[in-house]
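Chemist: So here's structure_11.tsv, just TSV, C-alpha atoms:
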chain	number	residue	atom	x	y	z
A	20	MET	CA	82.55	66.92	70.84
A	21	ASP	CA	82.43	63.35	69.62
A	22	SER	CA	79.66	61.10	70.86
A	23	SER	CA	79.63	58.87	67.80
A	24	GLY	CA	80.24	55.71	69.83
A	25	LEU	CA	77.23	56.35	72.03
A	26	TYR	CA	75.19	57.28	68.96
A	27	ARG	CA	76.01	53.94	67.33
A	28	ALA	CA	75.14	52.06	70.53
A	29	ILE	CA	71.75	53.76	70.84
A	30	THR	CA	70.80	53.41	67.18
A	31	ASP	CA	71.89	49.75	67.18
A	32	PHE	CA	69.71	49.22	70.24
A	33	ALA	CA	66.83	50.96	68.47
A	34	HIS	CA	67.00	48.50	65.58
A	35	ARG	CA	66.88	45.57	68.00
A	36	THR	CA	63.66	46.75	69.66
A	37	PRO	CA	60.24	45.45	68.55
A	38	SER	CA	58.57	47.30	65.68
A	39	TRP	CA	55.87	48.71	67.98
A	40	VAL	CA	58.54	50.31	70.17
A	41	GLN	CA	60.15	51.87	67.11
A	42	SER	CA	56.77	53.14	65.93
A	43	ALA	CA	56.01	54.60	69.37
A	44	PHE	CA	59.29	56.53	69.38
A	45	GLU	CA	58.71	57.74	65.83
A	46	ILE	CA	55.30	59.10	66.82
A	47	TRP	CA	56.61	60.63	70.04
A	48	THR	CA	59.59	62.34	68.42
A	49	ALA	CA	57.31	63.82	65.73
A	50	TYR	CA	54.36	64.91	67.85
A	51	GLY	CA	55.42	64.77	71.51
A	52	LEU	CA	56.01	68.51	71.72
A	53	LEU	CA	52.28	69.01	71.23
A	54	LEU	CA	51.78	67.60	74.73
A	55	PHE	CA	53.71	70.55	76.12
A	56	GLY	CA	51.31	72.80	74.22
A	57	VAL	CA	48.39	71.10	75.93
A	58	LEU	CA	50.10	71.66	79.29
A	59	PHE	CA	50.61	75.36	78.49
A	60	VAL	CA	46.87	75.74	77.93
A	61	ALA	CA	45.96	73.71	81.03
A	62	VAL	CA	48.32	75.70	83.27
A	63	TRP	CA	47.00	79.01	81.90
A	64	TRP	CA	43.39	77.92	82.44
A	65	ARG	CA	44.19	76.84	86.00
A	66	SER	CA	45.96	80.13	86.73
A	67	ARG	CA	42.86	82.20	85.92
A	68	GLY	CA	41.16	80.96	89.07
A	69	ARG	CA	44.12	81.36	91.39
A	70	GLY	CA	43.37	84.99	92.26
A	71	GLY	CA	46.77	86.68	92.22
A	72	ALA	CA	48.53	88.08	89.18
A	73	ARG	CA	51.68	85.96	89.57
A	74	PRO	CA	50.15	82.58	88.56
A	75	VAL	CA	48.69	84.11	85.40
A	76	ALA	CA	51.94	85.90	84.59
A	77	LEU	CA	53.98	82.70	84.95
A	78	ALA	CA	51.47	80.72	82.90
A	79	VAL	CA	51.57	83.25	80.07
A	80	LEU	CA	55.37	83.47	80.20
A	81	ALA	CA	55.81	79.70	79.83
A	82	PRO	CA	55.23	79.58	76.06
A	83	VAL	CA	56.97	82.93	75.62
A	84	ALA	CA	60.11	81.64	77.36
A	85	THR	CA	59.97	78.48	75.26
A	86	ALA	CA	59.82	80.54	72.07
A	87	VAL	CA	62.83	82.60	73.20
A	88	ALA	CA	64.74	79.37	73.88
A	89	TYR	CA	63.91	78.12	70.40
A	90	GLY	CA	65.31	81.33	68.93
A	91	ALA	CA	68.53	80.90	70.90
A	92	SER	CA	68.83	77.29	69.74
A	93	GLU	CA	68.36	78.32	66.12
A	94	CYS	CA	71.09	80.95	66.46
A	95	VAL	CA	73.57	78.41	67.82
A	96	LYS	CA	72.56	75.84	65.18
A	97	TYR	CA	73.13	78.37	62.39
A	98	THR	CA	76.51	79.36	63.82
A	99	VAL	CA	77.87	75.83	64.40
A	100	GLY	CA	76.51	74.08	61.29
A	101	GLU	CA	77.20	70.53	62.48
A	102	GLU	CA	76.25	67.70	60.11
A	103	ARG	CA	73.52	65.25	61.07
A	104	PRO	CA	74.82	61.93	62.41
A	105	CYS	CA	72.60	59.97	60.02
A	106	ARG	CA	74.92	61.27	57.25
A	107	SER	CA	78.21	61.72	59.05
A	108	VAL	CA	78.70	58.77	61.44
A	109	VAL	CA	80.40	55.91	59.63
A	110	GLY	CA	79.11	52.42	60.38
A	111	ALA	CA	75.97	53.58	62.19
A	112	ALA	CA	72.61	51.92	61.69
A	113	ALA	CA	70.18	53.67	59.36
A	114	SER	CA	67.95	56.26	61.01
A	115	LEU	CA	64.37	55.17	61.72
A	116	VAL	CA	63.01	58.37	60.22
A	117	PRO	CA	64.17	60.23	57.10
A	118	CYS	CA	67.45	62.04	57.65
A	119	PRO	CA	66.98	65.83	57.43
A	120	GLY	CA	68.41	67.34	54.28
A	121	PRO	CA	71.84	68.98	53.93
A	122	GLY	CA	72.03	72.37	55.58
A	123	ASP	CA	69.71	71.37	58.44
A	124	GLY	CA	72.24	71.47	61.26
A	125	SER	CA	72.41	68.96	64.08
A	126	PHE	CA	73.83	70.95	67.01
A	127	PRO	CA	71.93	71.67	69.16
A	128	SER	CA	68.68	69.74	68.99
A	129	ASN	CA	65.78	72.16	68.66
A	130	HIS	CA	63.39	69.48	69.91
A	131	ALA	CA	65.48	69.03	73.05
A	132	ALA	CA	65.79	72.79	73.55
A	133	LEU	CA	62.04	73.25	73.25
A	134	ALA	CA	61.35	70.36	75.61
A	135	GLY	CA	63.88	71.57	78.17
A	136	ALA	CA	62.55	75.11	78.02
A	137	ALA	CA	58.94	74.01	78.33
A	138	ALA	CA	59.75	71.73	81.25
A	139	VAL	CA	61.50	74.50	83.18
A	140	ALA	CA	58.91	77.18	82.38
A	141	LEU	CA	56.00	74.91	83.33
A	142	THR	CA	57.74	73.92	86.55
A	143	LEU	CA	58.20	77.58	87.49
A	144	ALA	CA	54.48	78.07	86.91
A	145	VAL	CA	53.35	74.90	88.73
A	146	ARG	CA	56.00	73.26	90.90
A	147	ARG	CA	54.11	69.97	91.09
A	148	LEU	CA	54.71	69.45	87.37
A	149	ALA	CA	58.49	69.20	87.83
A	150	ALA	CA	58.82	65.41	87.75
A	151	ALA	CA	56.37	64.91	84.89
A	152	THR	CA	57.77	67.63	82.65
A	153	ALA	CA	61.37	66.59	83.33
A	154	ALA	CA	60.51	63.02	82.32
A	155	LEU	CA	58.79	64.21	79.14
A	156	ALA	CA	61.76	66.42	78.22
A	157	LEU	CA	64.28	63.61	78.77
A	158	LEU	CA	62.14	61.23	76.73
A	159	MET	CA	61.95	63.73	73.88
A	160	ALA	CA	65.71	64.24	73.95
A	161	PHE	CA	66.41	60.50	73.97
A	162	SER	CA	63.95	59.91	71.13
A	163	ARG	CA	65.94	62.22	68.84
A	164	VAL	CA	68.99	59.98	69.21
A	165	PHE	CA	66.91	56.78	69.18
A	166	VAL	CA	65.44	57.57	65.75
A	167	GLY	CA	68.90	58.54	64.52
A	168	VAL	CA	68.71	62.24	63.71
A	169	HIS	CA	70.86	63.70	66.50
A	170	HIS	CA	74.12	63.06	68.32
A	171	PRO	CA	73.82	62.53	72.09
A	172	HIS	CA	75.72	65.77	72.72
A	173	ASP	CA	73.19	67.64	70.55
A	174	VAL	CA	70.31	66.74	72.84
A	175	VAL	CA	72.24	67.25	76.09
A	176	PHE	CA	73.24	70.76	75.06
A	177	GLY	CA	69.74	71.42	73.75
A	178	LEU	CA	68.18	70.52	77.11
A	179	LEU	CA	70.65	72.70	79.01
A	180	LEU	CA	70.34	75.63	76.62
A	181	GLY	CA	66.55	75.52	76.53
A	182	GLY	CA	66.17	75.18	80.28
A	183	SER	CA	68.67	77.95	81.04
A	184	VAL	CA	67.21	80.43	78.56
A	185	ALA	CA	63.67	79.73	79.76
A	186	ALA	CA	64.62	80.22	83.41
A	187	LEU	CA	66.40	83.51	82.68
A	188	THR	CA	63.50	84.73	80.55
A	189	VAL	CA	60.93	84.01	83.23
A	190	LEU	CA	63.17	85.59	85.88
A	191	ALA	CA	63.60	88.75	83.80
A	192	LEU	CA	59.98	89.15	82.73
A	193	SER	CA	57.96	87.87	85.69
A	194	GLY	CA	57.84	91.29	87.40
A	195	PRO	CA	56.70	93.24	84.34
A	196	ALA	CA	54.26	90.47	83.42
A	197	GLN	CA	52.64	90.60	86.87
A	198	ALA	CA	52.30	94.37	86.63
A	199	LEU	CA	50.75	94.04	83.19
A	200	VAL	CA	48.23	91.44	84.39
A	201	THR	CA	47.28	93.62	87.36
A	202	ALA	CA	46.83	96.69	85.15
A	203	ALA	CA	44.82	94.72	82.60
A	204	ARG	CA	42.48	93.40	85.28
A	205	ALA	CA	42.00	96.92	86.64
A	206	GLY	CA	40.81	98.04	83.21
A	207	GLY	CA	37.80	95.77	83.56
A	208	SER	CA	37.55	94.85	79.87
A	209	PRO	CA	35.44	91.66	79.56
A	210	ALA	CA	37.84	90.16	77.00
A	211	VAL	CA	40.84	90.80	79.24
A	212	VAL	CA	39.08	89.43	82.31
A	213	ARG	CA	38.27	86.26	80.40
A	214	PHE	CA	41.96	85.90	79.53
A	215	THR	CA	43.51	86.80	82.90
A	216	GLY	CA	40.73	85.80	85.29
A	217	PRO	CA	38.93	88.27	87.54
A	218	GLY	CA	41.63	88.46	90.17
A	219	PRO	CA	41.14	88.49	93.96
A	220	ALA	CA	37.61	89.15	95.11
A	221	ARG	CA	37.18	92.65	96.48
A	222	PRO	CA	35.83	92.93	100.04
A	223	ARG	CA	32.17	93.84	100.09
A	224	ARG	CA	31.13	97.05	101.80
A	225	ARG	CA	28.92	96.63	104.79
A	226	ASN	CA	26.10	99.05	105.63
A	227	VAL	CA	26.43	100.49	109.10
A	228	PRO	CA	23.18	101.65	110.80
A	229	GLY	CA	22.93	105.40	110.79
A	230	CYS	CA	25.54	105.82	108.02
A	231	ARG	CA	25.07	106.40	104.35
A	232	LEU	CA	27.49	104.96	101.84
A	233	PRO	CA	28.73	107.44	99.26
Written as structure tokens, that's how I'd like the structure from this file.

Modeler:
Amino acid sequence: MDSSGLYRAITDFAHRTPSWVQSAFEIWTAYGLLLFGVLFVAVWWRSRGRGGARPVALAVLAPVATAVAYGASECVKYTVGEERPCRSVVGAAASLVPCPGPGDGSFPSNHAALAGAAAVALTLAVRRLAAATAALALLMAFSRVFVGVHHPHDVVFGLLLGGSVAALTVLALSGPAQALVTAARAGGSPAVVRFTGPGPARPRRRNVPGCRLP
């Protein structure tokens, strides 16, 4: 895969943007993934009041699936060992952030894989988040090329890998996770109930005249 021409075009464009735009991308590419962490917590908190076990299971699986995707990305990165474009692409503009040291592979982009995985996992938990999380993932992927530390094909593959692994992980584990949440709620432990939510309200027994409840 050779996307050097597109890499040069994007990094040249980056150097022509105002300094505040460059600074915004530098901040986003460094800390933007934290926003997905905030969304994980918000989706989990929301799920506790939804009643059924499935919303809680999907909320808990979102960060788990993202972690699995990161592991897959690291395995591919270690196997391929592609050089960073900020060292290998001749005639390209200097990267806006320090170029990672030798041995820190470029393919695929871990940032893009994490963003793609988080976007898919959060969407499976709350469908209304699809547009927002997709936009955040694409922006994260683009920022890695914009600041000059990844080839375009690195981030494209990272998004696809992360999203695919996250979807498969949630699909494989959603059933067992729901069963675990249901069993945990049945145990009645206060700590567990605080984590999973109380679950559906049980119907109240009604006294019938002339009958004694056991």

Chemist: Can you work out the spacing between atom CA of A:Gly24 and atom CA of A:Gly135 in Å, to one decimal?

Modeler: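 We find that atom CA of A:Gly24 and atom CA of A:Gly135 lie 24.3 Å from each other.
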
Chemist: Counting only C-alpha atoms, which of A:Gly56, A:Gly120, A:Gly167, A:Pro82 gets nearest to A:Tyr26?

Modeler: A:Gly167

Chemist: Quick one: residues within 9 Å of A:Val62, all atoms listed in the file, excluding same-chain residues fewer than 6 positions away - as a PDB file with C-alpha atoms, in the frame of the given file?

Modeler:
ATOM      1  CA  PRO A  74      50.150  82.580  88.560  1.00  0.00           C
ATOM      2  CA  VAL A  75      48.690  84.110  85.400  1.00  0.00           C
ATOM      3  CA  ALA A  78      51.470  80.720  82.900  1.00  0.00           C
ATOM      4  CA  VAL A  79      51.570  83.250  80.070  1.00  0.00           C
ATOM      5  CA  LEU A 141      56.000  74.910  83.330  1.00  0.00           C
ATOM      6  CA  ALA A 144      54.480  78.070  86.910  1.00  0.00           C
ATOM      7  CA  VAL A 145      53.350  74.900  88.730  1.00  0.00           C
TER       8      VAL A 145
END

Chemist: By how many Å are atom CA of A:Ala134 and atom CA of A:Val184 apart?

Modeler: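 Going from atom CA of A:Ala134 over to atom CA of A:Val184, I get 12.0 Å.
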
Chemist: Need to verify the contact set: stretch 138-140 of chain A, 7 Å, only C-alpha atoms, exclusion of same-chain residues closer than 6 positions in sequence. Can you return it as an mmCIF file with C-alpha atoms, in the coordinates of the input?

Modeler:
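Saved the output as out.cif:
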data_model
loop_
_atom_site.group_PDB
_atom_site.id
_atom_site.type_symbol
_atom_site.label_atom_id
_atom_site.label_comp_id
_atom_site.auth_asym_id
_atom_site.auth_seq_id
_atom_site.Cartn_x
_atom_site.Cartn_y
_atom_site.Cartn_z
ATOM 1 C CA ALA A 81 55.810 79.700 79.830
ATOM 2 C CA ALA A 84 60.110 81.640 77.360
ATOM 3 C CA THR A 152 57.770 67.630 82.650
ATOM 4 C CA ALA A 153 61.370 66.590 83.330
ATOM 5 C CA ALA A 156 61.760 66.420 78.220
ATOM 6 C CA GLY A 182 66.170 75.180 80.280
ATOM 7 C CA ALA A 185 63.670 79.730 79.760
ATOM 8 C CA ALA A 186 64.620 80.220 83.410
#

Chemist: Let me make sure I understand: among A:Leu199, A:Ala137, A:Val189, A:Ala154, which one has the smallest atom-to-atom distance to A:Val57 if we use only C-alpha atoms?

Modeler: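 Result for the nearest residue to A:Val57: A:Ala137.
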